[in-house]
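my_file_2.cif (mmCIF, C-alpha atoms and all ligand atoms) appears below.
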data_entry
#
loop_
_atom_site.label_atom_id
_atom_site.label_comp_id
_atom_site.auth_asym_id
_atom_site.auth_seq_id
_atom_site.Cartn_x
_atom_site.Cartn_y
_atom_site.Cartn_z
CA MET Z 1 45.56 -104.67 114.21
CA HIS Z 2 46.56 -107.69 116.27
CA VAL Z 3 45.96 -106.54 119.87
CA PRO Z 4 48.05 -109.26 121.64
CA GLU Z 5 51.02 -108.16 119.51
CA LEU Z 6 50.60 -104.51 120.61
CA ILE Z 7 50.35 -105.62 124.26
CA ARG Z 8 53.47 -107.76 123.85
CA ARG Z 9 55.45 -104.94 122.20
CA LYS Z 10 54.52 -102.49 124.97
CA ARG Z 11 55.26 -105.15 127.60
CA ASP Z 12 58.74 -105.56 126.10
CA GLY Z 13 59.43 -101.81 126.13
CA GLU Z 14 58.95 -101.04 122.45
CA LYS Z 15 57.58 -97.73 121.26
CA LEU Z 16 54.15 -97.83 119.60
CA SER Z 17 53.17 -95.53 116.74
CA ALA Z 18 50.47 -92.86 116.96
CA ASP Z 19 48.28 -94.91 114.60
CA GLU Z 20 48.60 -98.01 116.77
CA LEU Z 21 47.72 -96.10 119.93
CA ARG Z 22 44.76 -94.40 118.24
CA ALA Z 23 43.51 -97.79 117.04
CA LEU Z 24 43.70 -99.18 120.58
CA ILE Z 25 41.66 -96.29 122.01
CA LYS Z 26 39.11 -96.44 119.20
CA GLY Z 27 38.77 -100.22 119.46
CA TYR Z 28 38.30 -100.06 123.21
CA THR Z 29 35.81 -97.18 123.09
CA ASP Z 30 33.77 -98.92 120.37
CA GLY Z 31 33.68 -102.15 122.37
CA ASP Z 32 35.80 -104.13 119.89
CA ILE Z 33 38.68 -104.56 122.35
CA PRO Z 34 37.56 -106.31 125.55
CA ASP Z 35 38.39 -105.17 129.09
CA TYR Z 36 40.90 -107.98 129.66
CA GLN Z 37 43.09 -106.90 126.74
CA MET Z 38 42.96 -103.23 127.73
CA ALA Z 39 43.75 -104.19 131.34
CA ALA Z 40 46.82 -106.07 130.13
CA PHE Z 41 47.86 -103.11 127.99
CA ALA Z 42 47.42 -100.69 130.91
CA MET Z 43 49.60 -102.96 133.08
CA ALA Z 44 52.26 -102.99 130.34
CA VAL Z 45 52.17 -99.16 130.33
CA TYR Z 46 52.39 -99.20 134.13
CA PHE Z 47 55.72 -101.04 133.89
CA GLN Z 48 57.13 -99.60 130.64
CA SER Z 49 55.61 -96.08 130.64
CA MET Z 50 55.16 -94.02 127.45
CA ASP Z 51 57.48 -91.48 125.90
CA SER Z 52 56.21 -87.97 125.12
CA ASP Z 53 55.24 -88.84 121.50
CA GLU Z 54 53.23 -91.82 122.69
CA LEU Z 55 51.61 -89.85 125.51
CA GLY Z 56 50.66 -87.01 123.15
CA ALA Z 57 49.03 -89.41 120.67
CA TRP Z 58 47.31 -91.44 123.43
CA THR Z 59 45.89 -88.33 125.15
CA ASP Z 60 44.76 -86.85 121.84
CA ALA Z 61 43.00 -90.11 120.93
CA MET Z 62 41.26 -90.19 124.33
CA LEU Z 63 40.25 -86.54 124.03
CA ARG Z 64 38.81 -87.12 120.54
CA SER Z 65 37.04 -90.35 121.52
CA GLY Z 66 34.02 -88.09 122.06
CA GLU Z 67 32.92 -84.55 121.51
CA VAL Z 68 35.31 -81.68 122.25
CA LEU Z 69 33.14 -78.83 123.50
CA ASP Z 70 33.38 -75.32 122.19
CA LEU Z 71 31.93 -73.01 124.85
CA SER Z 72 33.22 -69.79 123.25
CA ASP Z 73 29.65 -68.56 122.72
CA ILE Z 74 29.07 -68.65 126.50
CA ARG Z 75 30.08 -65.40 128.17
CA GLY Z 76 32.71 -65.42 130.89
CA VAL Z 77 36.07 -67.04 131.52
CA LYS Z 78 35.77 -70.81 131.84
CA VAL Z 79 38.21 -72.30 134.31
CA ASP Z 80 38.25 -75.72 135.94
CA LYS Z 81 40.27 -77.52 138.61
CA HIS Z 82 41.16 -81.19 138.91
CA SER Z 83 42.79 -83.13 141.69
CA THR Z 84 45.03 -86.11 141.05
CA GLY Z 85 43.15 -87.86 143.86
CA GLY Z 86 43.23 -88.02 147.61
CA VAL Z 87 41.49 -89.19 150.77
CA GLY Z 88 38.78 -86.88 152.11
CA ASP Z 89 39.35 -84.68 149.07
CA LYS Z 90 35.93 -83.07 148.63
CA VAL Z 91 37.40 -79.77 147.40
CA SER Z 92 35.53 -79.75 144.05
CA LEU Z 93 32.13 -79.63 145.79
CA ILE Z 94 33.07 -76.40 147.53
CA LEU Z 95 35.42 -74.94 144.94
CA ALA Z 96 33.07 -75.02 141.94
CA PRO Z 97 30.24 -72.99 143.57
CA LEU Z 98 32.77 -70.66 145.22
CA ALA Z 99 34.50 -69.98 141.89
CA VAL Z 100 31.12 -69.22 140.29
CA ALA Z 101 30.21 -66.89 143.17
CA ALA Z 102 33.54 -65.15 142.47
CA GLY Z 103 32.69 -64.59 138.81
CA LEU Z 104 34.04 -67.61 136.89
CA LYS Z 105 32.29 -70.22 134.78
CA VAL Z 106 33.15 -73.81 135.78
CA PRO Z 107 32.32 -76.63 133.35
CA MET Z 108 33.47 -79.58 135.47
CA ILE Z 109 33.85 -83.19 134.36
CA SER Z 110 34.85 -85.35 137.31
CA GLY Z 111 35.48 -89.00 138.08
CA ARG Z 112 34.31 -91.67 140.49
CA GLY Z 113 36.33 -93.16 143.33
CA LEU Z 114 39.66 -94.48 142.08
CA GLY Z 115 41.68 -97.01 144.08
CA HIS Z 116 41.76 -95.90 147.71
CA THR Z 117 40.67 -92.33 146.81
CA GLY Z 118 37.13 -90.95 146.70
CA GLY Z 119 35.50 -89.45 143.60
CA THR Z 120 33.41 -86.32 143.14
CA LEU Z 121 30.67 -88.15 141.19
CA ASP Z 122 30.09 -90.72 143.93
CA LYS Z 123 29.87 -87.90 146.48
CA LEU Z 124 27.38 -85.90 144.40
CA GLU Z 125 25.23 -88.99 143.93
CA SER Z 126 24.76 -89.15 147.72
CA ILE Z 127 22.40 -86.20 147.21
CA PRO Z 128 18.97 -87.70 146.47
CA GLY Z 129 18.09 -87.22 142.79
CA PHE Z 130 21.38 -85.58 141.75
CA ASP Z 131 22.06 -86.67 138.17
CA VAL Z 132 25.69 -86.49 137.00
CA ASN Z 133 24.75 -87.86 133.57
CA GLN Z 134 23.68 -84.75 131.71
CA PRO Z 135 23.60 -84.64 127.90
CA VAL Z 136 25.95 -82.15 126.23
CA GLY Z 137 23.18 -79.65 125.44
CA GLU Z 138 22.03 -79.57 129.06
CA PHE Z 139 25.60 -79.27 130.33
CA ARG Z 140 26.08 -76.19 128.13
CA ARG Z 141 22.81 -74.70 129.40
CA LEU Z 142 23.84 -75.27 133.02
CA VAL Z 143 27.20 -73.56 132.48
CA ASP Z 144 25.50 -70.66 130.69
CA ASP Z 145 22.62 -70.17 133.16
CA ILE Z 146 24.04 -71.13 136.53
CA GLY Z 147 27.75 -70.84 135.83
CA LEU Z 148 28.64 -74.47 136.39
CA GLY Z 149 27.80 -78.02 135.49
CA LEU Z 150 28.95 -81.05 137.50
CA ILE Z 151 29.03 -84.15 135.34
CA GLY Z 152 31.02 -87.30 134.65
CA GLN Z 153 32.65 -88.59 131.49
CA THR Z 154 29.76 -89.62 129.25
CA GLY Z 155 29.19 -91.61 126.08
CA GLU Z 156 29.51 -88.21 124.38
CA ILE Z 157 32.40 -86.54 126.24
CA ALA Z 158 35.63 -88.44 126.98
CA PRO Z 159 34.04 -91.92 126.62
CA ALA Z 160 37.48 -93.55 126.42
CA ASP Z 161 38.34 -92.21 129.87
CA LYS Z 162 34.96 -93.28 131.22
CA LYS Z 163 35.75 -96.91 130.35
CA LEU Z 164 39.47 -96.89 131.07
CA TYR Z 165 39.05 -95.09 134.41
CA ALA Z 166 36.60 -97.73 135.69
CA LEU Z 167 38.91 -100.49 134.47
CA ARG Z 168 42.05 -99.02 136.08
CA ASP Z 169 40.18 -98.60 139.37
CA VAL Z 170 39.96 -102.38 139.80
CA THR Z 171 43.11 -103.61 138.02
CA ALA Z 172 45.89 -101.91 140.04
CA THR Z 173 46.83 -99.69 137.11
CA VAL Z 174 46.13 -96.30 138.62
CA GLU Z 175 49.51 -95.13 139.95
CA CYS Z 176 51.15 -94.45 136.61
CA ILE Z 177 52.10 -90.98 135.36
CA PRO Z 178 51.13 -91.38 131.65
CA LEU Z 179 47.81 -93.05 132.54
CA ILE Z 180 46.91 -90.42 135.14
CA ALA Z 181 48.03 -87.50 132.95
CA SER Z 182 46.11 -88.73 129.88
CA SER Z 183 43.02 -89.53 131.94
CA ILE Z 184 42.88 -86.10 133.53
CA MET Z 185 43.91 -84.04 130.51
CA SER Z 186 41.66 -85.85 128.01
CA LYS Z 187 38.49 -85.07 129.93
CA LYS Z 188 39.56 -81.60 131.00
CA LEU Z 189 40.59 -80.50 127.49
CA ALA Z 190 37.25 -81.82 126.18
CA GLU Z 191 35.40 -79.31 128.40
CA GLY Z 192 36.14 -76.24 126.28
CA ILE Z 193 37.91 -74.42 129.14
CA ASP Z 194 40.17 -71.37 128.90
CA ALA Z 195 42.40 -72.46 131.81
CA LEU Z 196 42.92 -75.34 134.22
CA VAL Z 197 44.33 -75.50 137.74
CA LEU Z 198 45.63 -78.87 138.88
CA ASP Z 199 45.84 -79.98 142.49
CA VAL Z 200 48.68 -82.50 142.41
CA LYS Z 201 48.51 -84.46 145.64
CA VAL Z 202 51.63 -85.90 147.23
CA GLY Z 203 52.05 -88.21 150.22
CA SER Z 204 50.79 -91.48 151.64
CA GLY Z 205 47.20 -90.90 150.47
CA ALA Z 206 48.15 -89.76 146.96
CA PHE Z 207 49.12 -91.75 143.89
CA MET Z 208 52.44 -89.88 143.92
CA LYS Z 209 54.25 -90.66 147.17
CA ASP Z 210 57.12 -88.16 146.82
CA VAL Z 211 57.52 -84.59 145.60
CA ASP Z 212 59.81 -85.51 142.66
CA ASN Z 213 57.14 -87.76 141.15
CA ALA Z 214 54.36 -85.26 141.92
CA ARG Z 215 56.39 -82.58 140.14
CA LYS Z 216 56.93 -84.91 137.19
CA LEU Z 217 53.18 -85.60 136.98
CA GLY Z 218 52.35 -81.88 137.25
CA GLU Z 219 54.90 -80.93 134.60
CA THR Z 220 53.68 -83.71 132.28
CA MET Z 221 50.10 -82.39 132.47
CA ILE Z 222 51.21 -78.78 132.05
CA GLY Z 223 53.17 -79.89 128.94
CA ILE Z 224 50.07 -81.59 127.47
CA GLY Z 225 48.01 -78.45 128.13
CA GLN Z 226 50.63 -76.20 126.52
CA ALA Z 227 50.82 -78.43 123.44
CA MET Z 228 47.05 -78.08 123.08
CA GLY Z 229 47.03 -74.30 123.71
CA THR Z 230 45.34 -74.28 127.15
CA GLU Z 231 46.85 -72.49 130.13
CA VAL Z 232 47.52 -75.03 132.89
CA ARG Z 233 49.07 -74.45 136.28
CA ALA Z 234 49.45 -76.72 139.27
CA LEU Z 235 49.78 -76.65 143.02
CA ILE Z 236 51.51 -79.58 144.71
CA THR Z 237 49.65 -80.13 147.98
CA ASP Z 238 49.95 -82.37 151.02
CA MET Z 239 48.03 -85.67 151.11
CA ASP Z 240 49.84 -87.28 154.02
CA GLN Z 241 46.69 -87.26 156.11
CA PRO Z 242 43.01 -87.05 155.08
CA LEU Z 243 41.83 -83.60 154.01
CA GLY Z 244 39.25 -82.20 156.42
CA LEU Z 245 37.64 -84.54 158.92
CA ALA Z 246 35.24 -86.71 156.87
CA VAL Z 247 36.06 -89.67 154.59
CA GLY Z 248 33.11 -91.34 152.84
CA ASN Z 249 30.57 -90.06 150.37
CA THR Z 250 27.58 -88.66 152.30
CA LEU Z 251 29.79 -87.64 155.21
CA GLU Z 252 31.96 -85.62 152.80
CA VAL Z 253 28.91 -83.87 151.33
CA VAL Z 254 27.85 -82.90 154.86
CA GLU Z 255 31.32 -81.46 155.48
CA SER Z 256 31.28 -79.65 152.13
CA ILE Z 257 27.97 -77.97 153.00
CA ALA Z 258 29.41 -76.87 156.36
CA THR Z 259 32.45 -75.48 154.53
CA LEU Z 260 30.20 -73.64 152.06
CA ARG Z 261 28.66 -71.97 155.12
CA GLY Z 262 32.08 -70.87 156.31
CA GLU Z 263 32.07 -73.50 159.07
CA GLY Z 264 34.46 -76.05 157.54
CA PRO Z 265 37.78 -77.40 158.79
CA GLU Z 266 40.71 -75.03 158.36
CA ASP Z 267 42.81 -77.18 156.01
CA LEU Z 268 39.91 -77.84 153.64
CA THR Z 269 38.87 -74.20 153.57
CA GLU Z 270 42.43 -72.97 153.05
CA ILE Z 271 43.22 -75.29 150.17
CA THR Z 272 39.90 -74.51 148.45
CA VAL Z 273 40.47 -70.77 148.73
CA GLU Z 274 44.06 -71.12 147.42
CA LEU Z 275 42.89 -73.12 144.41
CA VAL Z 276 40.06 -70.70 143.56
CA CYS Z 277 42.53 -67.81 143.90
CA GLU Z 278 44.77 -69.62 141.40
CA MET Z 279 41.79 -70.11 139.05
CA LEU Z 280 40.97 -66.40 139.25
CA ASP Z 281 44.60 -65.54 138.63
CA ALA Z 282 44.68 -67.79 135.57
CA ALA Z 283 41.63 -65.83 134.38
CA ASP Z 284 43.52 -62.54 134.93
CA LYS Z 285 41.17 -61.50 137.72
CA VAL Z 286 43.65 -61.06 140.57
CA ASP Z 287 45.52 -57.84 141.41
CA ASP Z 288 46.25 -58.62 145.02
CA ARG Z 289 46.16 -62.23 146.21
CA ASP Z 290 45.50 -61.33 149.87
CA TYR Z 291 42.54 -59.17 148.91
CA THR Z 292 41.18 -61.94 146.63
CA LYS Z 293 41.47 -64.57 149.35
CA LYS Z 294 39.71 -62.29 151.84
CA MET Z 295 36.89 -61.84 149.32
CA LEU Z 296 36.65 -65.65 148.87
CA TYR Z 297 36.39 -66.22 152.63
CA GLU Z 298 33.57 -63.64 152.65
CA LEU Z 299 31.72 -65.47 149.84
CA LEU Z 300 31.75 -68.55 152.09
CA GLN Z 301 30.68 -66.63 155.19
CA ASP Z 302 27.85 -64.69 153.58
CA GLY Z 303 26.21 -67.73 151.95
CA SER Z 304 26.91 -66.73 148.31
CA ALA Z 305 28.79 -69.94 147.49
CA LEU Z 306 26.17 -72.11 149.24
CA HIS Z 307 23.47 -70.35 147.20
CA VAL Z 308 25.20 -71.47 143.97
CA PHE Z 309 25.48 -75.03 145.32
CA ARG Z 310 21.73 -75.06 146.03
CA GLU Z 311 21.02 -73.84 142.50
CA ILE Z 312 23.13 -76.51 140.83
CA ILE Z 313 21.70 -79.29 143.02
CA GLU Z 314 18.19 -78.28 141.99
CA ALA Z 315 19.12 -77.83 138.32
CA GLN Z 316 20.67 -81.32 138.17
CA GLY Z 317 17.59 -82.96 139.72
CA GLY Z 318 18.78 -83.15 143.33
CA ASN Z 319 17.03 -82.12 146.51
CA PRO Z 320 18.50 -78.74 147.61
CA GLU Z 321 17.00 -79.21 151.09
CA VAL Z 322 20.12 -81.27 151.91
CA CYS Z 323 21.79 -77.89 152.45
CA ASP Z 324 19.50 -77.29 155.44
CA ASP Z 325 18.98 -80.86 156.60
CA PRO Z 326 21.85 -83.17 155.52
CA THR Z 327 20.20 -86.17 157.22
CA ILE Z 328 17.93 -86.35 154.14
CA MET Z 329 20.89 -88.10 152.48
CA GLY Z 330 20.61 -90.94 154.98
CA VAL Z 331 22.94 -92.03 157.75
CA ALA Z 332 24.66 -95.29 158.56
CA ASP Z 333 22.92 -97.65 161.00
CA HIS Z 334 25.85 -97.77 163.43
CA VAL Z 335 28.45 -95.32 164.69
CA VAL Z 336 31.32 -96.61 166.83
CA THR Z 337 34.46 -94.83 167.94
CA PHE Z 338 38.07 -95.83 167.36
CA GLY Z 339 40.02 -95.03 170.52
CA ALA Z 340 43.70 -94.25 170.95
CA PRO Z 341 45.65 -97.42 171.87
CA LYS Z 342 47.85 -95.31 174.17
CA ALA Z 343 48.33 -91.73 175.30
CA GLY Z 344 50.60 -89.46 173.27
CA VAL Z 345 50.82 -87.34 170.14
CA ILE Z 346 49.38 -88.47 166.79
CA GLU Z 347 52.65 -88.44 164.89
CA HIS Z 348 51.58 -89.93 161.59
CA MET Z 349 48.43 -90.98 159.71
CA ASN Z 350 48.84 -93.12 156.62
CA ALA Z 351 46.13 -91.66 154.43
CA GLU Z 352 46.15 -94.56 151.96
CA GLN Z 353 45.33 -96.99 154.78
CA VAL Z 354 42.62 -94.59 155.97
CA GLY Z 355 41.13 -94.57 152.44
CA LEU Z 356 41.27 -98.37 152.31
CA ALA Z 357 39.66 -98.53 155.78
CA ALA Z 358 36.66 -96.59 154.41
CA LEU Z 359 36.64 -98.84 151.34
CA GLU Z 360 36.35 -101.91 153.60
CA LEU Z 361 33.06 -100.48 154.90
CA GLY Z 362 31.72 -100.17 151.34
CA ALA Z 363 32.65 -96.55 150.52
CA GLY Z 364 34.44 -97.64 147.31
CA ARG Z 365 34.58 -100.47 144.77
CA HIS Z 366 36.50 -103.74 144.57
CA THR Z 367 35.05 -104.64 141.15
CA LYS Z 368 33.52 -102.52 138.39
CA GLU Z 369 30.08 -103.92 139.21
CA ASP Z 370 30.18 -103.07 142.95
CA ASP Z 371 27.62 -100.63 144.34
CA ILE Z 372 28.97 -98.29 146.94
CA ASP Z 373 27.29 -97.55 150.25
CA PRO Z 374 27.06 -93.74 150.39
CA ALA Z 375 26.37 -93.53 154.13
CA VAL Z 376 29.48 -95.29 155.45
CA GLY Z 377 32.83 -93.75 156.30
CA LEU Z 378 34.96 -92.12 158.94
CA VAL Z 379 34.81 -88.83 160.80
CA PHE Z 380 37.99 -87.75 162.55
CA ARG Z 381 37.90 -85.98 165.90
CA LYS Z 382 41.69 -85.69 166.13
CA LYS Z 383 44.31 -85.27 163.46
CA ARG Z 384 48.10 -85.23 163.09
CA GLY Z 385 49.87 -83.25 165.78
CA GLU Z 386 47.08 -83.48 168.34
CA THR Z 387 47.47 -85.05 171.79
CA VAL Z 388 45.27 -87.95 172.89
CA GLU Z 389 44.66 -89.82 176.13
CA LYS Z 390 44.55 -93.64 176.12
CA ASP Z 391 41.13 -94.79 174.74
CA GLU Z 392 40.14 -91.25 173.78
CA PRO Z 393 38.19 -91.39 170.47
CA ILE Z 394 40.34 -90.43 167.49
CA LEU Z 395 37.53 -90.96 165.00
CA GLU Z 396 34.02 -92.25 164.43
CA ILE Z 397 33.35 -95.24 162.18
CA HIS Z 398 29.96 -95.01 160.44
CA HIS Z 399 29.05 -98.49 159.20
CA ASN Z 400 26.22 -100.70 158.07
CA GLY Z 401 27.53 -103.99 159.41
CA LYS Z 402 30.03 -104.68 156.64
CA GLY Z 403 33.84 -104.66 156.90
CA LEU Z 404 34.18 -103.26 160.43
CA LYS Z 405 36.92 -105.69 161.52
CA ASP Z 406 39.06 -105.06 158.42
CA CYS Z 407 38.45 -101.34 158.72
CA VAL Z 408 39.71 -101.31 162.32
CA ALA Z 409 42.77 -103.40 161.35
CA ARG Z 410 43.64 -100.82 158.64
CA LEU Z 411 43.22 -97.93 161.10
CA GLU Z 412 45.49 -99.63 163.63
CA LYS Z 413 48.16 -99.76 160.92
CA ALA Z 414 47.47 -96.22 159.73
CA ILE Z 415 47.74 -94.20 162.94
CA ARG Z 416 51.01 -93.87 164.86
CA ILE Z 417 51.02 -92.40 168.34
CA GLY Z 418 54.27 -91.51 170.09
CA ASP Z 419 56.04 -88.87 172.14
CA GLY Z 420 56.14 -86.51 169.15
CA PRO Z 421 56.95 -84.44 167.30
CA ALA Z 422 54.40 -85.14 164.58
CA ASP Z 423 55.21 -85.11 160.87
CA ASP Z 424 55.02 -81.46 159.89
CA LYS Z 425 54.23 -80.67 156.27
CA PRO Z 426 52.91 -77.47 154.71
CA LEU Z 427 49.53 -77.79 153.01
CA ILE Z 428 50.71 -76.06 149.83
CA ILE Z 429 54.10 -77.47 148.93
CA GLU Z 430 54.96 -75.99 145.55
CA ARG Z 431 53.52 -74.01 142.58
CA LEU Z 432 54.15 -75.12 139.01
CA GLY Z 433 53.44 -73.34 135.72
N1 LIG F 501 42.01 -88.39 138.36
C1 LIG F 501 41.66 -88.76 137.10
O1 LIG F 501 40.76 -88.18 136.50
N2 LIG F 501 42.32 -89.77 136.53
C2 LIG F 501 43.32 -90.42 137.14
O2 LIG F 501 43.88 -91.31 136.55
C3 LIG F 501 43.68 -90.03 138.45
C4 LIG F 501 43.00 -89.00 139.04
#
Let's see the structure in the file written out as C-alpha cells.
Ligand code: URA
Amino acid sequence: MHVPELIRRKRDGEKLSADELRALIKGYTDGDIPDYQMAAFAMAVYFQSMDSDELGAWTDAMLRSGEVLDLSDIRGVKVDKHSTGGVGDKVSLILAPLAVAAGLKVPMISGRGLGHTGGTLDKLESIPGFDVNQPVGEFRRLVDDIGLGLIGQTGEIAPADKKLYALRDVTATVECIPLIASSIMSKKLAEGIDALVLDVKVGSGAFMKDVDNARKLGETMIGIGQAMGTEVRALITDMDQPLGLAVGNTLEVVESIATLRGEGPEDLTEITVELVCEMLDAADKVDDRDYTKKMLYELLQDGSALHVFREIIEAQGGNPEVCDDPTIMGVADHVVTFGAPKAGVIEHMNAEQVGLAALELGAGRHTKEDDIDPAVGLVFRKKRGETVEKDEPILEIHHNGKGLKDCVARLEKAIRIGDGPADDKPLIIERLG
C-alpha cells in the first residue's frame, strides 16, 4: 500500500476499495501510518465524502480494530445513548445513572472534548480519582454488578477511533458526516448493546448547522446500525444555545449532580428524560410515555439516580463525596461576570462561540498534547428569551488567569441583545427511526 497514492485518490474524488480502507485503518491503529498522513486523508474525506460502500467498510474496519464485546451473558437489556456533540451537553452523566435506576444496563463508551464541544470523559475526570480507562474484564463486571460502566475508547475497544478522534479534534476534520457517523457507530457497536439512541444536535453549537444535515447524519447512523443488526433511533435536538447553564468540565459535573437530585435546569432535565424514555421504549419497556416520564422525574427527585452515580464513581476509583460537596473537585481562582452591553431581550446566543470562549480559558484542547483545566468555564444566569438591564450579569466566567480577553471577545460576538422576539426553537425537533 502506497499511502500518498490513497490520499491523492481520495482527494481527487475517487472511490477506494474496502481492502484499501481496511489497510488504512489497520496501518494507522498499528502505528505504521503516521498522524500527518491520516490527517491529510481525513481532510480529503472532509471534502470528497465517502459513498455508502466506503462508509460501511470504513466503519466495519474501525469497529474491528479492537475487541467487539459480547455481553449476552449479562442479564438485562443493554441500551446506550450517544450525542453528536454540543456545548454544555452533560446529558450522559445524568442519563446513564437514571437509565440504570429505571431498569436498563448501560455499557457506555464516550469521547473527550471535540472541537468546540465538551466530552464526557473530560468531565468525568474532573472527579478526583475517576478512572475512565478500565480494562474489558472490569468494564463487563461494572455493567453486570452496577448496571453501567463509563469508559473511553481503549487500546482494546475501538482503538482506531481513539486515535482518529484525538487527531480530528485538532485538525479541523470533525464536521463531516462519514467521519462522525463512523466514529460514533464504531465505538457504540463495539459495546455489545441491544439498542442505541442517538441525540443528533443541530444549530450553532452543533457540528450540523441545519436540520437537513442533522437528518442526513441521523439516517446515516441508523443505516449503519440496521446493516449490523442493532436497533438505532435518533432524536434531533436543539443546540442553538448551551444546554443547561454550565459550560466547562467541573462546572458541568456540579450541574449534573444537581440535576440528579431533581434540582437541574429545565431544558437539561427534559432532554435527559426524553432520551431515557426513548431508551426504555427501544428496550420494549414503555406502555405509556407520559407515565414513564413521570416515573423518571421521580427517580431524580427521590435520589435513586444519584445513588447509582455515587456507586459508579466509587467503583471506578473516584471520590463519591463530590455528590455532597462538589467543591472537592476544585474551583477556579477567579470568577468575574459578563454584563449585558445594553438593556433588552437576549435574542440569540451562538453556542459555537460560547464553546470556543470556554476553550480560550483552557476547558478544551488546541493540540493533542494540551492538558485541559477542569475548573474553568462559564455559568449562565440568563439565557435566550430573557430580559436584561444594561450591565446586568448574563454569565459568570470562572478562570485561572488564562485566555480571559479572548473569551470575552468571543462572548461579545456570541450574544445578541435586541428588542426581541428571541429565536424560538423547540428542544426536541424531530424523531428518526
Ligand atoms: N461524537 C463522536 O463520538 N465522534 C464524532 O466524530 C462526533 C461526536
(request) Determine the nearest neighbour of Ile193 in chain Z from the options Z:Lys368, Z:His348, Z:Lys162, Z:Lys81, counting all atoms listed in the file. (result) Z:Lys81
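Minimum atom-to-atom distance to ligand LIG 501 (chain F), evaluated using all atoms listed in the file, belongs to Z:Gln153 out of Z:Ser52, Z:Ser17, Z:Gln134, Z:Gln153.
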Give one line per residue of range 240-260 of chain Z that approaches range 396-416 of chain Z to at most 10 Å, naming the two atoms of the closest pair and their distance in Å to one decimal, counting all atoms listed in the file; sort by chain then ascending residue number and deliver it as a tab-separated table.
residue	atom	partner	partner_atom	distance
Z:Gln241	CA	Z:Ala414	CA	9.7
Z:Ala246	CA	Z:Glu396	CA	9.5
Z:Val247	CA	Z:Ile397	CA	9.8
Z:Gly248	CA	Z:His398	CA	9.0
Z:Leu251	CA	Z:His398	CA	9.0
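Taking only C-alpha atoms and all ligand atoms into account, ligand LIG 501 (chain F) has within 6 Å the residues Thr84, Gly85, Gly111, Val174, Leu179, Ile180, Ser183 and Ile184 of chain Z.
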(message) One number please: CA of Asp284 in chain Z to CA of Gly262 in chain Z, in Å, one decimal.
(response)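 We find that CA of Asp284 in chain Z and CA of Gly262 in chain Z lie 25.6 Å from each other.
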(message) Which residue is closest to Leu243 in chain Z? Choose from Z:Ile271, Z:Val335, Z:Ala102, Z:Ala172 and count all atoms listed in the file.
(response)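 Checking each of Z:Ile271, Z:Val335, Z:Ala102, Z:Ala172 against Leu243 in chain Z, counting all atoms listed in the file, the winner is Z:Ile271.
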(request) For CA of Leu93 in chain Z and CA of Asp122 in chain Z, determine how far apart the two atoms are, in Å to one decimal place. (result)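 Distance between the two atoms: 11.4 Å.
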(request) Would you please work out which residue, of Z:Pro97, Z:Val143, Z:Leu124, Z:Ala160, is nearest to Gly66 in chain Z when using all atoms listed in the file? (result)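 So, comparing all the options, the nearest one is Z:Ala160.
The two atoms in question, CA of Gly205 in chain Z and CA of Asp169 in chain Z, are spaced 15.2 Å apart.
Minimum distance to Ile417 in chain Z across Z:Asp161, Z:Asp53, Z:Asp371, Z:Glu347 (counting all atoms listed in the file) occurs at Z:Glu347.
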(request) Would you kindly return, as number ranges by chain, each protein, DNA or RNA residue with an atom no farther than 12 Å from any atom of Ala190 in chain Z, considering all atoms listed in the file and excluding same-chain residues fewer than 2 positions away? (result) Z: 59-71, 80, 107-110, 136, 152-154, 156-161, 182-188, 192-194, 196, 225, 228, 230
Since we have the selection now, will you write its residues out, keeping C-alpha atoms, as a CSV table (one decimal), in the coordinates of the input?
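Output below, filename result-v6.csv:
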chain,number,residue,atom,x,y,z
Z,59,THR,CA,45.9,-88.3,125.2
Z,60,ASP,CA,44.8,-86.8,121.8
Z,61,ALA,CA,43.0,-90.1,120.9
Z,62,MET,CA,41.3,-90.2,124.3
Z,63,LEU,CA,40.2,-86.5,124.0
Z,64,ARG,CA,38.8,-87.1,120.5
Z,65,SER,CA,37.0,-90.4,121.5
Z,66,GLY,CA,34.0,-88.1,122.1
Z,67,GLU,CA,32.9,-84.6,121.5
Z,68,VAL,CA,35.3,-81.7,122.2
Z,69,LEU,CA,33.1,-78.8,123.5
Z,70,ASP,CA,33.4,-75.3,122.2
Z,71,LEU,CA,31.9,-73.0,124.8
Z,80,ASP,CA,38.2,-75.7,135.9
Z,107,PRO,CA,32.3,-76.6,133.4
Z,108,MET,CA,33.5,-79.6,135.5
Z,109,ILE,CA,33.8,-83.2,134.4
Z,110,SER,CA,34.8,-85.4,137.3
Z,136,VAL,CA,26.0,-82.2,126.2
Z,152,GLY,CA,31.0,-87.3,134.6
Z,153,GLN,CA,32.6,-88.6,131.5
Z,154,THR,CA,29.8,-89.6,129.2
Z,156,GLU,CA,29.5,-88.2,124.4
Z,157,ILE,CA,32.4,-86.5,126.2
Z,158,ALA,CA,35.6,-88.4,127.0
Z,159,PRO,CA,34.0,-91.9,126.6
Z,160,ALA,CA,37.5,-93.6,126.4
Z,161,ASP,CA,38.3,-92.2,129.9
Z,182,SER,CA,46.1,-88.7,129.9
Z,183,SER,CA,43.0,-89.5,131.9
Z,184,ILE,CA,42.9,-86.1,133.5
Z,185,MET,CA,43.9,-84.0,130.5
Z,186,SER,CA,41.7,-85.8,128.0
Z,187,LYS,CA,38.5,-85.1,129.9
Z,188,LYS,CA,39.6,-81.6,131.0
Z,192,GLY,CA,36.1,-76.2,126.3
Z,193,ILE,CA,37.9,-74.4,129.1
Z,194,ASP,CA,40.2,-71.4,128.9
Z,196,LEU,CA,42.9,-75.3,134.2
Z,225,GLY,CA,48.0,-78.4,128.1
Z,228,MET,CA,47.0,-78.1,123.1
Z,230,THR,CA,45.3,-74.3,127.2
(message) Please list as a PyMOL selection string every residue within 9 Å of Leu121 in chain Z, counting only C-alpha atoms and excluding residues in the same chain fewer than 4 positions away.
(response) chain Z and resi 110-113+125-126+132+150-152
Just-selected residues, C-alpha atoms written as an mmCIF file, keeping the file's coordinate frame:
data_model
loop_
_atom_site.group_PDB
_atom_site.id
_atom_site.type_symbol
_atom_site.label_atom_id
_atom_site.label_comp_id
_atom_site.auth_asym_id
_atom_site.auth_seq_id
_atom_site.Cartn_x
_atom_site.Cartn_y
_atom_site.Cartn_z
ATOM 1 C CA SER Z 110 34.850 -85.350 137.310
ATOM 2 C CA GLY Z 111 35.480 -89.000 138.080
ATOM 3 C CA ARG Z 112 34.310 -91.670 140.490
ATOM 4 C CA GLY Z 113 36.330 -93.160 143.330
ATOM 5 C CA GLU Z 125 25.230 -88.990 143.930
ATOM 6 C CA SER Z 126 24.760 -89.150 147.720
ATOM 7 C CA VAL Z 132 25.690 -86.490 137.000
ATOM 8 C CA LEU Z 150 28.950 -81.050 137.500
ATOM 9 C CA ILE Z 151 29.030 -84.150 135.340
ATOM 10 C CA GLY Z 152 31.020 -87.300 134.650
#
